[in-house]
Amino acid sequence: MNSLARPYPLTPALSPKGRGSAFLWFAAALALSLVLSTTAADAEAKVELWDGQRALADVAALLKFTPRSLDTAGHQLTIDYIKAELAKIHVDPVATQRWVFEDDSGRAVAMTNIVARLDPENPRRVILATHYDSIVRAYRDPKNPNAPMPGANNSASGVALLLETARVLSLSQKPPFGVDLIFFDGEEGPKSLGAGDPAWHALGSPYFAAHLKDYYPQGKPEKAVVFDMVCDKDLALKAEPFSLANAATEVRKYWSLGAKITPSSFPAATTPYPISDDHNALAEAGIPSFLVIDFDYEPYFNTSADTIDKCSAQSLETVGRTTLQYLYSP
Ligand SMILES: [Zn+2]
């Protein structure tokens, strides 16, 4: 459970003693009424609290667990880290959706999607999702394709984005939606090689989509946003064609909010081809879903150079603050 309803601090105590006290009490009453009328009106995002440096610290923490691919110690340490960070802001207990995936060779792999629900009583739901597994080796590395994959941008940045968003929401008035933060497992596929595996397919999001009723017995969430590769210093988020086909109105809303924060990060251009990610399974399950990604990440993509120095706190902050604005603009 979380504590999203924490109110803003009200006016400090004022002494009724002495001359001018009537004025002070009037001022206090006025301030209180203003605060109350604000809380009664539409809730607003505390956008300025979203801290890119704090999110970047999450990226640094996650990189210590590398590799974070399926069936590794770092994979479990990543799960533990996500749950521990959520517990710090009282999002606890967090649901874990667990199952066993058997690959072509008969290897059984323990899988875990992490689902953290904010304001669980709210019937209106929105999903913010990312994947937390990383690829097992830097297969695109020109010098050493067997090098361990750091994965600062792919995939620690998305995890950092969700964790920092949860922190800010825990200090803010509730948005109109209950927010479900989902950390998907197995986005990099059965071989943990992502696009380096010709038979790639995501594992965690299709499993979640197939069991949607376990989490949404009353009806589907209204929309879903999936984040991947969002910390690039030179951040340019282009709308992705599958997302546009599936959730055009939401994509346009998100991009127009983002362009007010950092215009250069939200160009009008779209990616030249659809990008497969966890939004596909959610969309196919009937949830309007879109992907927020900067896929132009050369020459670092899936190489050993996907390290934290390629990331910026500013980029994370741009995406985080846009997401907050989006949550409070139904
Ligand atoms: Zn990814």
# chains A, B, ... in the order shown; residues from 1 in each chain; ligands from 1
>>> residues_around(residues="stretch 206-217 of chain A", least_positions_apart="6", cutoff="7 Å", atoms="only C-alpha atoms", output="JSON, numbers by chain")
{"A": [281, 282, 285]}
>>> residues_around(residues="A:Phe301", least_positions_apart="5", cutoff="9 Å", atoms="only C-alpha atoms", output="ChimeraX atom specification")
/A:138,140-141,151,153-154,295-296,306
>>> write_last_selection(atoms="N, CA and C atoms", output="PDB file, in the first residue's frame")
ATOM      1  N   ALA A 138      27.265  -8.150 -24.863  1.00  0.00           N
ATOM      2  CA  ALA A 138      27.240  -6.997 -25.765  1.00  0.00           C
ATOM      3  C   ALA A 138      27.491  -7.462 -27.195  1.00  0.00           C
ATOM      4  N   ARG A 140      26.727  -6.618 -30.065  1.00  0.00           N
ATOM      5  CA  ARG A 140      27.057  -5.682 -31.156  1.00  0.00           C
ATOM      6  C   ARG A 140      28.405  -4.998 -30.941  1.00  0.00           C
ATOM      7  N   ASP A 141      29.104  -5.418 -29.920  1.00  0.00           N
ATOM      8  CA  ASP A 141      30.385  -4.793 -29.622  1.00  0.00           C
ATOM      9  C   ASP A 141      31.391  -5.123 -30.728  1.00  0.00           C
ATOM     10  N   GLY A 151      24.294  -2.004 -20.099  1.00  0.00           N
ATOM     11  CA  GLY A 151      22.867  -1.676 -20.221  1.00  0.00           C
ATOM     12  C   GLY A 151      22.408  -0.498 -19.387  1.00  0.00           C
ATOM     13  N   ASN A 153      21.438   2.528 -20.663  1.00  0.00           N
ATOM     14  CA  ASN A 153      20.241   3.030 -21.352  1.00  0.00           C
ATOM     15  C   ASN A 153      19.244   1.897 -21.578  1.00  0.00           C
ATOM     16  N   ASN A 154      19.730   0.761 -22.039  1.00  0.00           N
ATOM     17  CA  ASN A 154      18.914  -0.432 -22.267  1.00  0.00           C
ATOM     18  C   ASN A 154      19.345  -1.528 -21.298  1.00  0.00           C
ATOM     19  N   PHE A 295      15.472   5.481 -29.980  1.00  0.00           N
ATOM     20  CA  PHE A 295      16.116   4.292 -30.546  1.00  0.00           C
ATOM     21  C   PHE A 295      17.370   4.646 -31.335  1.00  0.00           C
ATOM     22  N   ASP A 296      17.632   5.930 -31.455  1.00  0.00           N
ATOM     23  CA  ASP A 296      18.835   6.365 -32.182  1.00  0.00           C
ATOM     24  C   ASP A 296      19.982   6.474 -31.180  1.00  0.00           C
ATOM     25  N   ASP A 306      27.388   1.002 -23.674  1.00  0.00           N
ATOM     26  CA  ASP A 306      26.116   1.521 -23.138  1.00  0.00           C
ATOM     27  C   ASP A 306      26.296   1.708 -21.631  1.00  0.00           C
TER      28      ASP A 306
END
>>> residues_around(residues="A:Asp197", least_positions_apart="5", cutoff="10 Å", atoms="only C-alpha atoms", output="NGL selection string")
:A and (139 or 188-192)
>>> atom_distance(atom1="atom CA of A:Ala268", atom2="atom CA of A:Ala236")
9.9 Å
>>> residues_near_ligand(ligand="ligand 1", cutoff="10 Å", atoms="only C-alpha atoms and all ligand atoms", output="short mmCIF file (atom, residue, chain, number, x, y, z; two decimals) with N, CA and C atoms, in the first residue's frame")
data_model
loop_
_atom_site.label_atom_id
_atom_site.label_comp_id
_atom_site.auth_asym_id
_atom_site.auth_seq_id
_atom_site.Cartn_x
_atom_site.Cartn_y
_atom_site.Cartn_z
N THR A 130 8.10 -0.76 -17.99
CA THR A 130 9.43 -0.86 -18.59
C THR A 130 9.88 -2.30 -18.44
N HIS A 131 11.03 -2.63 -18.99
CA HIS A 131 11.58 -3.96 -18.68
C HIS A 131 12.85 -3.78 -17.86
N TYR A 132 13.09 -4.74 -16.98
CA TYR A 132 14.26 -4.63 -16.11
C TYR A 132 15.36 -5.62 -16.44
N ASP A 133 15.05 -6.62 -17.29
CA ASP A 133 16.12 -7.55 -17.70
C ASP A 133 17.01 -6.85 -18.74
N SER A 134 18.25 -7.28 -18.81
CA SER A 134 19.15 -6.74 -19.83
C SER A 134 19.64 -7.89 -20.70
N ILE A 135 20.29 -7.54 -21.81
CA ILE A 135 20.83 -8.63 -22.64
C ILE A 135 22.06 -9.22 -21.93
N GLY A 151 24.29 -2.00 -20.10
CA GLY A 151 22.87 -1.68 -20.22
C GLY A 151 22.41 -0.50 -19.39
N ASN A 153 21.44 2.53 -20.66
CA ASN A 153 20.24 3.03 -21.35
C ASN A 153 19.24 1.90 -21.58
N ASN A 154 19.73 0.76 -22.04
CA ASN A 154 18.91 -0.43 -22.27
C ASN A 154 19.34 -1.53 -21.30
N SER A 155 18.83 -1.56 -20.05
CA SER A 155 17.49 -1.21 -19.67
C SER A 155 17.38 -0.45 -18.35
N ALA A 156 18.53 -0.03 -17.75
CA ALA A 156 18.43 0.59 -16.42
C ALA A 156 17.65 1.91 -16.46
N SER A 157 17.70 2.62 -17.58
CA SER A 157 17.05 3.94 -17.63
C SER A 157 15.54 3.85 -17.40
N GLY A 158 14.91 2.84 -17.95
CA GLY A 158 13.46 2.69 -17.78
C GLY A 158 13.09 2.39 -16.34
N GLY A 186 12.11 -10.37 -19.03
CA GLY A 186 12.24 -11.10 -20.30
C GLY A 186 11.93 -10.34 -21.57
N GLU A 187 12.03 -9.00 -21.53
CA GLU A 187 11.77 -8.28 -22.79
C GLU A 187 12.83 -8.61 -23.82
N GLU A 188 14.03 -8.96 -23.34
CA GLU A 188 15.13 -9.25 -24.28
C GLU A 188 15.07 -10.66 -24.85
N GLY A 194 17.93 -9.87 -27.19
CA GLY A 194 17.17 -8.81 -27.84
C GLY A 194 17.15 -8.98 -29.36
N ALA A 195 17.42 -7.86 -30.04
CA ALA A 195 17.40 -7.88 -31.50
C ALA A 195 18.52 -8.74 -32.09
N PHE A 227 8.32 2.56 -21.37
CA PHE A 227 9.57 3.33 -21.49
C PHE A 227 10.74 2.39 -21.71
N ASP A 228 11.61 2.78 -22.63
CA ASP A 228 12.82 2.00 -22.89
C ASP A 228 13.84 2.97 -23.49
N MET A 229 15.06 2.94 -23.02
CA MET A 229 16.14 3.78 -23.58
C MET A 229 15.78 5.27 -23.52
N VAL A 230 15.70 5.77 -22.31
CA VAL A 230 15.25 7.16 -22.13
C VAL A 230 16.28 8.05 -21.44
N SER A 276 9.46 -3.11 -31.90
CA SER A 276 8.78 -4.07 -31.03
C SER A 276 9.27 -3.93 -29.61
N ASP A 277 8.34 -3.87 -28.69
CA ASP A 277 8.70 -3.74 -27.27
C ASP A 277 7.49 -4.21 -26.47
N ASP A 278 7.48 -3.91 -25.19
CA ASP A 278 6.40 -4.42 -24.34
C ASP A 278 5.05 -3.78 -24.61
N ILE A 293 10.65 5.93 -26.54
CA ILE A 293 12.00 5.39 -26.74
C ILE A 293 12.81 6.35 -27.61
N PHE A 295 15.47 5.48 -29.98
CA PHE A 295 16.12 4.29 -30.55
C PHE A 295 17.37 4.65 -31.33
N PHE A 301 24.38 1.19 -28.93
CA PHE A 301 23.27 0.26 -28.71
C PHE A 301 23.75 -1.20 -28.64
N ASN A 302 23.43 -1.84 -27.52
CA ASN A 302 23.77 -3.24 -27.26
C ASN A 302 25.27 -3.54 -27.44
#
>>> atom_distance(atom1="atom CA of A:Asn246", atom2="atom CA of A:Glu44")
27.5 Å
>>> closest_residue(among="A:Phe101, A:Gln173, A:Val115, A:Thr72", to="A:Lys46", atoms="only C-alpha atoms")
A:Gln173
>>> closest_atom_pairs(of="stretch 150-195 of chain A", to="stretch 86-91 of chain A", cutoff="10 Å", atoms="only C-alpha atoms", output="Markdown table")
| residue | atom | partner | partner_atom | distance |
| --- | --- | --- | --- | --- |
| A:Leu163 | CA | A:Leu86 | CA | 7.2 |
| A:Glu164 | CA | A:Leu86 | CA | 9.7 |
| A:Ala166 | CA | A:Leu86 | CA | 7.5 |
| A:Arg167 | CA | A:Ile89 | CA | 6.4 |
| A:Val168 | CA | A:Ile89 | CA | 9.5 |
| A:Leu169 | CA | A:Ile89 | CA | 9.6 |
| A:Ser170 | CA | A:Ile89 | CA | 6.6 |
| A:Leu171 | CA | A:Ile89 | CA | 9.0 |
>>> select_by_dssp(residues="stretch 99-308 of chain A", states="strand (DSSP E)", output="NGL selection string")
:A and (99-102 or 108-117 or 125-131 or 178-184 or 223-228 or 289-293)
>>> closest_residue(among="A:Trp50, A:Trp99, A:Phe242, A:Phe290", to="A:Thr318", atoms="only C-alpha atoms")
A:Trp50
>>> closest_residue(among="A:Asn146, A:Thr307, A:Asn122, A:Gln325", to="A:Leu62", atoms="only C-alpha atoms")
A:Thr307
